[in-house]
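Have a look at coords07.csv below; it lists CSV, C-alpha atoms.
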chain,number,residue,atom,x,y,z
A,1,MET,CA,-15.0,-44.2,24.8
A,2,LYS,CA,-12.6,-41.3,24.1
A,3,TYR,CA,-11.5,-40.0,20.7
A,4,PHE,CA,-8.7,-38.0,19.0
A,5,PHE,CA,-7.7,-37.0,15.5
A,6,LEU,CA,-4.3,-37.9,14.1
A,7,SER,CA,-2.7,-36.7,10.9
A,8,ASP,CA,-1.5,-39.1,8.1
A,9,GLY,CA,2.1,-40.0,8.7
A,10,TRP,CA,1.8,-40.0,12.5
A,11,THR,CA,1.5,-43.0,14.8
A,12,THR,CA,0.8,-43.6,18.5
A,13,GLY,CA,3.5,-44.5,21.1
A,14,ARG,CA,3.2,-44.8,24.9
A,15,ILE,CA,-0.2,-44.6,26.5
A,16,TRP,CA,-1.1,-43.4,30.0
A,17,GLU,CA,-3.9,-44.5,32.3
A,18,PHE,CA,-4.9,-43.4,35.9
A,19,GLY,CA,-1.9,-45.2,37.5
A,20,GLY,CA,0.8,-43.9,35.0
A,21,LEU,CA,2.1,-45.6,31.9
A,22,TRP,CA,-0.2,-48.4,30.6
A,23,SER,CA,1.1,-51.7,32.0
A,24,GLU,CA,0.2,-54.7,29.8
A,25,LEU,CA,1.2,-56.9,32.8
A,26,ALA,CA,-1.2,-55.2,35.1
A,27,TRP,CA,-4.1,-55.1,32.6
A,28,ASN,CA,-3.2,-58.4,30.9
A,29,ARG,CA,-3.8,-56.8,27.6
A,30,LYS,CA,-2.9,-53.9,25.3
A,31,PRO,CA,-5.0,-50.8,25.5
A,32,PHE,CA,-7.9,-50.6,23.0
A,33,LEU,CA,-6.9,-48.1,20.3
A,34,GLN,CA,-8.6,-48.2,16.9
A,35,LYS,CA,-8.4,-46.1,13.8
A,36,GLN,CA,-11.8,-45.3,12.5
A,37,PRO,CA,-12.7,-45.2,8.8
A,38,LEU,CA,-13.4,-41.5,8.9
A,39,TYR,CA,-11.3,-38.5,8.5
A,40,ILE,CA,-11.6,-34.7,8.1
A,41,GLN,CA,-9.3,-32.4,6.2
A,42,GLU,CA,-7.7,-29.4,7.9
A,43,ASN,CA,-5.1,-27.2,6.3
A,44,GLY,CA,-4.5,-29.7,3.6
A,45,GLU,CA,-3.9,-32.6,6.0
A,46,ASN,CA,-6.1,-35.7,6.5
A,47,LEU,CA,-6.9,-36.0,10.2
A,48,TRP,CA,-8.1,-39.6,11.0
A,49,LEU,CA,-10.4,-40.3,13.8
A,50,TYR,CA,-9.2,-42.7,16.5
A,51,LYS,CA,-11.1,-44.1,19.4
A,52,THR,CA,-9.8,-45.5,22.7
A,53,GLU,CA,-11.2,-46.8,25.9
A,54,GLU,CA,-12.3,-44.7,28.9
A,55,ALA,CA,-9.3,-45.7,31.0
A,56,VAL,CA,-6.8,-44.0,28.7
A,57,LEU,CA,-5.8,-40.5,29.9
A,58,MET,CA,-3.0,-39.5,27.5
A,59,VAL,CA,-1.6,-40.8,24.2
A,60,GLU,CA,1.9,-40.1,22.9
A,61,VAL,CA,2.0,-39.5,19.1
A,62,MET,CA,5.0,-39.1,16.8
A,63,PRO,CA,5.8,-39.0,13.1
A,64,LYS,CA,6.2,-42.4,11.5
A,65,ALA,CA,9.2,-41.6,9.4
A,66,ILE,CA,11.5,-38.9,10.7
A,67,THR,CA,13.4,-37.4,7.8
A,68,LYS,CA,14.0,-34.0,9.5
A,69,PRO,CA,13.8,-34.2,13.3
A,70,THR,CA,11.6,-31.1,13.7
A,71,ILE,CA,9.1,-32.7,16.1
A,72,GLY,CA,10.1,-35.7,18.2
A,73,GLN,CA,6.8,-36.5,19.9
A,74,VAL,CA,3.6,-34.9,21.3
A,75,VAL,CA,1.5,-36.1,24.2
A,76,LEU,CA,-2.3,-35.7,23.7
A,77,LYS,CA,-3.7,-34.8,27.1
A,78,ARG,CA,-7.2,-33.7,26.2
A,79,LEU,CA,-9.0,-36.6,24.5
A,80,LEU,CA,-12.4,-35.9,23.0
A,81,THR,CA,-15.9,-37.1,24.0
A,82,ALA,CA,-18.3,-38.5,21.5
A,83,ASP,CA,-20.3,-35.3,21.6
A,84,GLN,CA,-17.2,-33.2,20.9
A,85,VAL,CA,-16.4,-35.4,17.9
A,86,VAL,CA,-19.9,-35.2,16.5
A,87,GLU,CA,-19.7,-31.4,16.8
A,88,ARG,CA,-16.4,-31.3,15.0
A,89,LEU,CA,-17.6,-33.7,12.2
A,90,CYS,CA,-20.6,-31.4,11.7
A,91,THR,CA,-18.5,-28.3,11.0
A,92,GLY,CA,-17.1,-29.4,7.7
A,93,PRO,CA,-16.8,-32.2,5.1
A,94,VAL,CA,-16.2,-35.7,6.4
A,95,PHE,CA,-14.5,-38.3,4.3
A,96,HIS,CA,-15.0,-42.0,4.5
A,97,PRO,CA,-13.0,-44.5,2.5
A,98,GLU,CA,-15.2,-46.9,0.5
A,99,GLN,CA,-15.3,-50.3,2.2
A,100,PRO,CA,-14.8,-53.4,0.0
A,101,ARG,CA,-18.0,-55.2,-0.7
A,102,GLN,CA,-18.6,-58.6,0.9
A,103,SER,CA,-19.9,-61.5,-1.1
A,104,ASN,CA,-21.7,-64.4,0.5
A,105,GLU,CA,-22.4,-66.0,-2.9
A,106,THR,CA,-18.8,-66.8,-3.7
A,107,GLY,CA,-17.9,-67.8,-0.2
A,108,ASN,CA,-15.2,-65.2,0.1
A,109,LYS,CA,-14.4,-64.1,3.7
A,110,PRO,CA,-14.6,-60.4,4.4
A,111,GLU,CA,-11.2,-58.7,4.6
A,112,GLU,CA,-9.8,-59.1,8.1
A,113,THR,CA,-8.5,-56.1,9.9
A,114,ARG,CA,-6.1,-55.7,12.8
A,115,SER,CA,-7.3,-53.6,15.7
A,116,GLY,CA,-6.4,-50.0,15.1
A,117,VAL,CA,-6.0,-50.3,11.3
A,118,ALA,CA,-8.7,-49.4,8.8
A,119,PRO,CA,-9.1,-51.6,5.7
A,120,GLN,CA,-7.3,-50.3,2.7
A,121,SER,CA,-9.2,-49.7,-0.6
A,122,THR,CA,-8.0,-49.0,-4.1
A,123,LYS,CA,-11.2,-46.9,-4.8
A,124,PRO,CA,-11.1,-43.2,-4.1
A,125,ASP,CA,-12.4,-41.8,-0.8
A,126,LEU,CA,-16.0,-40.7,-0.6
A,127,LEU,CA,-17.0,-37.3,0.5
A,128,ILE,CA,-20.1,-37.2,2.7
A,129,THR,CA,-21.9,-34.2,1.3
A,130,ASP,CA,-25.5,-35.1,1.6
A,131,MET,CA,-25.6,-34.2,5.4
A,132,PRO,CA,-27.5,-31.0,5.9
A,133,THR,CA,-25.9,-28.4,8.1
A,134,GLN,CA,-29.2,-27.2,9.5
A,135,PRO,CA,-31.6,-29.4,11.4
A,136,PRO,CA,-34.7,-30.3,9.5
A,137,SER,CA,-37.8,-28.2,10.0
A,138,SER,CA,-40.2,-29.1,12.8
A,139,GLN,CA,-42.7,-30.4,10.2
A,140,SER,CA,-40.2,-33.1,9.0
A,141,SER,CA,-40.2,-36.5,10.6
A,142,SER,CA,-36.5,-37.2,9.9
A,143,PRO,CA,-34.0,-36.8,12.8
A,144,SER,CA,-31.4,-34.0,12.8
A,145,VAL,CA,-27.8,-34.7,11.7
A,146,MET,CA,-26.7,-34.4,15.4
A,147,THR,CA,-29.3,-36.9,16.4
A,148,ARG,CA,-28.2,-39.4,13.7
A,149,LEU,CA,-24.5,-39.0,14.5
A,150,ARG,CA,-25.2,-39.5,18.2
A,151,GLN,CA,-27.2,-42.6,17.4
A,152,PHE,CA,-24.3,-43.8,15.2
A,153,ALA,CA,-21.8,-43.1,18.0
A,154,LYS,CA,-23.9,-44.9,20.6
A,155,ARG,CA,-24.3,-48.0,18.3
A,156,THR,CA,-20.5,-48.0,17.8
A,157,VAL,CA,-19.8,-47.8,21.5
A,158,THR,CA,-22.4,-50.5,22.4
A,159,SER,CA,-21.2,-52.9,19.7
A,160,ARG,CA,-17.6,-52.8,21.2
A,161,ALA,CA,-18.8,-53.2,24.9

If you took the structure in this file and wrote it as structure tokens, what would it be?
Amino acid sequence: MKYFFLSDGWTTGRIWEFGGLWSELAWNRKPFLQKQPLYIQENGENLWLYKTEEAVLMVEVMPKAITKPTIGQVVLKRLLTADQVVERLCTGPVFHPEQPRQSNETGNKPEETRSGVAPQSTKPDLLITDMPTQPPSSQSSSPSVMTRLRQFAKRTVTSRA
């Protein structure tokens, strides 16, 4: 999997693969592109984490609503690996919108999501602050933050494969 961060108010456009622009006719499907329920804040902006498949080389991004045509579009040519994302997430606070609780007792179905769209919640976002910035001492049996994030990334990748 490959990853990139995208600011609120921006959306994806064309996608390139090894042979050029992504062809839905050739692949018989749209490219896998999914917004993850994690974001970081940088310079006062929320940067959402997106993941895409390995075949994707470049992603065009552009503002959703163009009020002042300052930037038309940008092409992201350097997508991130899982290790690069983990390193970036460990450098500062990470926000995760609270997910709605599922109830099996009432028979309610969990909220369905479209690929690429995170479920919306009316509750405030949660700040993940209990993650230590330093690895635990060698006497501790708990894994380091990097190890836990890598395990999370691997589980996420294998669950989609």

Closest of A:Phe95, A:Trp22, A:Phe152, A:Tyr39 to Asp8 in chain A - atom-to-atom distances counting only C-alpha atoms: A:Tyr39

Coordinates-based distance that separates CA of Val86 in chain A from CA of Phe18 in chain A (Å, one decimal):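 Atom-to-atom, CA of Phe18 in chain A and CA of Val86 in chain A are spaced 25.9 Å apart.
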
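Atom pair CA of Gln41 in chain A / CA of Gln73 in chain A has a distance of 21.5 Å (rounded to one decimal).
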
Non-local contacts of range 61-66 of chain A (10 Å; only C-alpha atoms; under 5 positions in same chain excluded) as a list in words: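 Skipping anything fewer than 5 positions along the chain leaves Leu6, Ser7, Asp8, Gly9, Trp10, Thr11, Thr12, Gly13, Arg14, Ile15, Ile71, Gly72, Gln73, Val74, Val75 and Leu76 of chain A.
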
Counting only C-alpha atoms, the residue of A:Leu89, A:Val56, A:Leu49, A:Ala26 that sits nearest Phe4 in chain A: A:Leu49

Between CA of Ala82 in chain A and CA of Glu54 in chain A - distance in Å to one decimal: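 About the pair CA of Glu54 in chain A and CA of Ala82 in chain A: they are 11.4 Å apart.
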
Nearby residues, (-2.8, -38.6, 37.7) file frame, 12 Å, all atoms listed in the file, as a PyMOL selection string: chain A and resi 16-21+55-58+77

Residue contacts of Leu33 in chain A (10 Å, only C-alpha atoms) excluding same-chain residues fewer than 3 positions away, as a PyMOL selection string: chain A and resi 2-3+12+15+30+36+50-53+56+59+115-117

Can range 38-49 of chain A be brought up to all heavy atoms and written out as a PDB file, in the frame of the given file?
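Full text of result11.pdb as output:
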ATOM      1  N   LEU A  38     -12.964 -42.819   9.193  1.00  0.00           N
ATOM      2  CA  LEU A  38     -13.400 -41.500   8.900  1.00  0.00           C
ATOM      3  C   LEU A  38     -12.299 -40.502   9.099  1.00  0.00           C
ATOM      4  O   LEU A  38     -11.471 -40.665   9.991  1.00  0.00           O
ATOM      5  CB  LEU A  38     -14.496 -41.075   9.990  1.00  0.00           C
ATOM      6  CG  LEU A  38     -15.920 -41.551   9.833  1.00  0.00           C
ATOM      7  CD1 LEU A  38     -16.749 -41.099  11.022  1.00  0.00           C
ATOM      8  CD2 LEU A  38     -16.540 -41.037   8.558  1.00  0.00           C
ATOM      9  N   TYR A  39     -12.248 -39.505   8.246  1.00  0.00           N
ATOM     10  CA  TYR A  39     -11.300 -38.500   8.500  1.00  0.00           C
ATOM     11  C   TYR A  39     -11.814 -37.127   7.982  1.00  0.00           C
ATOM     12  O   TYR A  39     -12.770 -37.063   7.207  1.00  0.00           O
ATOM     13  CB  TYR A  39      -9.929 -38.777   7.775  1.00  0.00           C
ATOM     14  CG  TYR A  39      -9.920 -38.770   6.263  1.00  0.00           C
ATOM     15  CD1 TYR A  39      -9.629 -37.618   5.564  1.00  0.00           C
ATOM     16  CD2 TYR A  39     -10.174 -39.932   5.537  1.00  0.00           C
ATOM     17  CE1 TYR A  39      -9.590 -37.611   4.177  1.00  0.00           C
ATOM     18  CE2 TYR A  39     -10.137 -39.933   4.160  1.00  0.00           C
ATOM     19  CZ  TYR A  39      -9.844 -38.771   3.479  1.00  0.00           C
ATOM     20  OH  TYR A  39      -9.817 -38.764   2.125  1.00  0.00           O
ATOM     21  N   ILE A  40     -11.217 -36.072   8.504  1.00  0.00           N
ATOM     22  CA  ILE A  40     -11.600 -34.700   8.100  1.00  0.00           C
ATOM     23  C   ILE A  40     -10.300 -34.114   7.488  1.00  0.00           C
ATOM     24  O   ILE A  40      -9.205 -34.628   7.694  1.00  0.00           O
ATOM     25  CB  ILE A  40     -12.067 -33.871   9.274  1.00  0.00           C
ATOM     26  CG1 ILE A  40     -11.019 -33.806  10.384  1.00  0.00           C
ATOM     27  CG2 ILE A  40     -13.376 -34.396   9.799  1.00  0.00           C
ATOM     28  CD1 ILE A  40     -11.387 -32.907  11.548  1.00  0.00           C
ATOM     29  N   GLN A  41     -10.473 -33.053   6.742  1.00  0.00           N
ATOM     30  CA  GLN A  41      -9.300 -32.400   6.200  1.00  0.00           C
ATOM     31  C   GLN A  41      -9.214 -30.990   6.815  1.00  0.00           C
ATOM     32  O   GLN A  41     -10.206 -30.270   6.918  1.00  0.00           O
ATOM     33  CB  GLN A  41      -9.413 -32.247   4.668  1.00  0.00           C
ATOM     34  CG  GLN A  41      -9.163 -33.541   3.975  1.00  0.00           C
ATOM     35  CD  GLN A  41      -9.106 -33.394   2.465  1.00  0.00           C
ATOM     36  OE1 GLN A  41      -9.700 -32.489   1.899  1.00  0.00           O
ATOM     37  NE2 GLN A  41      -8.402 -34.292   1.817  1.00  0.00           N
ATOM     38  N   GLU A  42      -8.000 -30.682   7.265  1.00  0.00           N
ATOM     39  CA  GLU A  42      -7.700 -29.400   7.900  1.00  0.00           C
ATOM     40  C   GLU A  42      -6.372 -28.919   7.424  1.00  0.00           C
ATOM     41  O   GLU A  42      -5.391 -29.641   7.584  1.00  0.00           O
ATOM     42  CB  GLU A  42      -7.793 -29.523   9.398  1.00  0.00           C
ATOM     43  CG  GLU A  42      -7.843 -28.210  10.124  1.00  0.00           C
ATOM     44  CD  GLU A  42      -8.086 -28.412  11.603  1.00  0.00           C
ATOM     45  OE1 GLU A  42      -9.258 -28.569  11.984  1.00  0.00           O
ATOM     46  OE2 GLU A  42      -7.100 -28.444  12.361  1.00  0.00           O
ATOM     47  N   ASN A  43      -6.306 -27.744   6.852  1.00  0.00           N
ATOM     48  CA  ASN A  43      -5.100 -27.200   6.300  1.00  0.00           C
ATOM     49  C   ASN A  43      -4.347 -28.146   5.375  1.00  0.00           C
ATOM     50  O   ASN A  43      -3.130 -28.300   5.418  1.00  0.00           O
ATOM     51  CB  ASN A  43      -4.121 -26.791   7.473  1.00  0.00           C
ATOM     52  CG  ASN A  43      -4.706 -25.720   8.355  1.00  0.00           C
ATOM     53  OD1 ASN A  43      -5.457 -24.875   7.881  1.00  0.00           O
ATOM     54  ND2 ASN A  43      -4.384 -25.749   9.629  1.00  0.00           N
ATOM     55  N   GLY A  44      -5.107 -28.836   4.551  1.00  0.00           N
ATOM     56  CA  GLY A  44      -4.500 -29.700   3.600  1.00  0.00           C
ATOM     57  C   GLY A  44      -4.075 -31.083   4.112  1.00  0.00           C
ATOM     58  O   GLY A  44      -3.475 -31.871   3.387  1.00  0.00           O
ATOM     59  N   GLU A  45      -4.328 -31.370   5.378  1.00  0.00           N
ATOM     60  CA  GLU A  45      -3.900 -32.600   6.000  1.00  0.00           C
ATOM     61  C   GLU A  45      -5.154 -33.487   6.277  1.00  0.00           C
ATOM     62  O   GLU A  45      -6.211 -32.960   6.638  1.00  0.00           O
ATOM     63  CB  GLU A  45      -3.166 -32.412   7.282  1.00  0.00           C
ATOM     64  CG  GLU A  45      -1.805 -31.798   7.093  1.00  0.00           C
ATOM     65  CD  GLU A  45      -1.023 -31.801   8.398  1.00  0.00           C
ATOM     66  OE1 GLU A  45      -0.847 -32.891   8.971  1.00  0.00           O
ATOM     67  OE2 GLU A  45      -0.628 -30.727   8.820  1.00  0.00           O
ATOM     68  N   ASN A  46      -5.019 -34.811   6.138  1.00  0.00           N
ATOM     69  CA  ASN A  46      -6.100 -35.700   6.500  1.00  0.00           C
ATOM     70  C   ASN A  46      -5.910 -36.055   8.002  1.00  0.00           C
ATOM     71  O   ASN A  46      -4.874 -36.562   8.423  1.00  0.00           O
ATOM     72  CB  ASN A  46      -5.982 -37.035   5.727  1.00  0.00           C
ATOM     73  CG  ASN A  46      -6.234 -36.812   4.258  1.00  0.00           C
ATOM     74  OD1 ASN A  46      -6.809 -35.800   3.856  1.00  0.00           O
ATOM     75  ND2 ASN A  46      -5.809 -37.748   3.440  1.00  0.00           N
ATOM     76  N   LEU A  47      -6.937 -35.756   8.792  1.00  0.00           N
ATOM     77  CA  LEU A  47      -6.900 -36.000  10.200  1.00  0.00           C
ATOM     78  C   LEU A  47      -7.870 -37.211  10.477  1.00  0.00           C
ATOM     79  O   LEU A  47      -9.093 -37.065  10.398  1.00  0.00           O
ATOM     80  CB  LEU A  47      -7.350 -34.817  11.030  1.00  0.00           C
ATOM     81  CG  LEU A  47      -6.477 -33.581  10.861  1.00  0.00           C
ATOM     82  CD1 LEU A  47      -7.067 -32.408  11.617  1.00  0.00           C
ATOM     83  CD2 LEU A  47      -5.060 -33.856  11.319  1.00  0.00           C
ATOM     84  N   TRP A  48      -7.294 -38.382  10.778  1.00  0.00           N
ATOM     85  CA  TRP A  48      -8.100 -39.600  11.000  1.00  0.00           C
ATOM     86  C   TRP A  48      -8.613 -39.647  12.405  1.00  0.00           C
ATOM     87  O   TRP A  48      -7.949 -39.272  13.356  1.00  0.00           O
ATOM     88  CB  TRP A  48      -7.189 -40.827  10.743  1.00  0.00           C
ATOM     89  CG  TRP A  48      -6.903 -41.020   9.290  1.00  0.00           C
ATOM     90  CD1 TRP A  48      -5.852 -40.516   8.589  1.00  0.00           C
ATOM     91  CD2 TRP A  48      -7.692 -41.746   8.353  1.00  0.00           C
ATOM     92  NE1 TRP A  48      -5.942 -40.883   7.273  1.00  0.00           N
ATOM     93  CE2 TRP A  48      -7.053 -41.643   7.098  1.00  0.00           C
ATOM     94  CE3 TRP A  48      -8.868 -42.475   8.449  1.00  0.00           C
ATOM     95  CZ2 TRP A  48      -7.564 -42.245   5.960  1.00  0.00           C
ATOM     96  CZ3 TRP A  48      -9.370 -43.082   7.312  1.00  0.00           C
ATOM     97  CH2 TRP A  48      -8.717 -42.956   6.085  1.00  0.00           C
ATOM     98  N   LEU A  49      -9.814 -40.153  12.541  1.00  0.00           N
ATOM     99  CA  LEU A  49     -10.400 -40.300  13.800  1.00  0.00           C
ATOM    100  C   LEU A  49     -10.011 -41.619  14.475  1.00  0.00           C
ATOM    101  O   LEU A  49     -10.065 -42.663  13.832  1.00  0.00           O
ATOM    102  CB  LEU A  49     -11.972 -40.266  13.701  1.00  0.00           C
ATOM    103  CG  LEU A  49     -12.779 -40.430  14.980  1.00  0.00           C
ATOM    104  CD1 LEU A  49     -12.509 -39.276  15.942  1.00  0.00           C
ATOM    105  CD2 LEU A  49     -14.258 -40.532  14.653  1.00  0.00           C
TER     106      LEU A  49
END
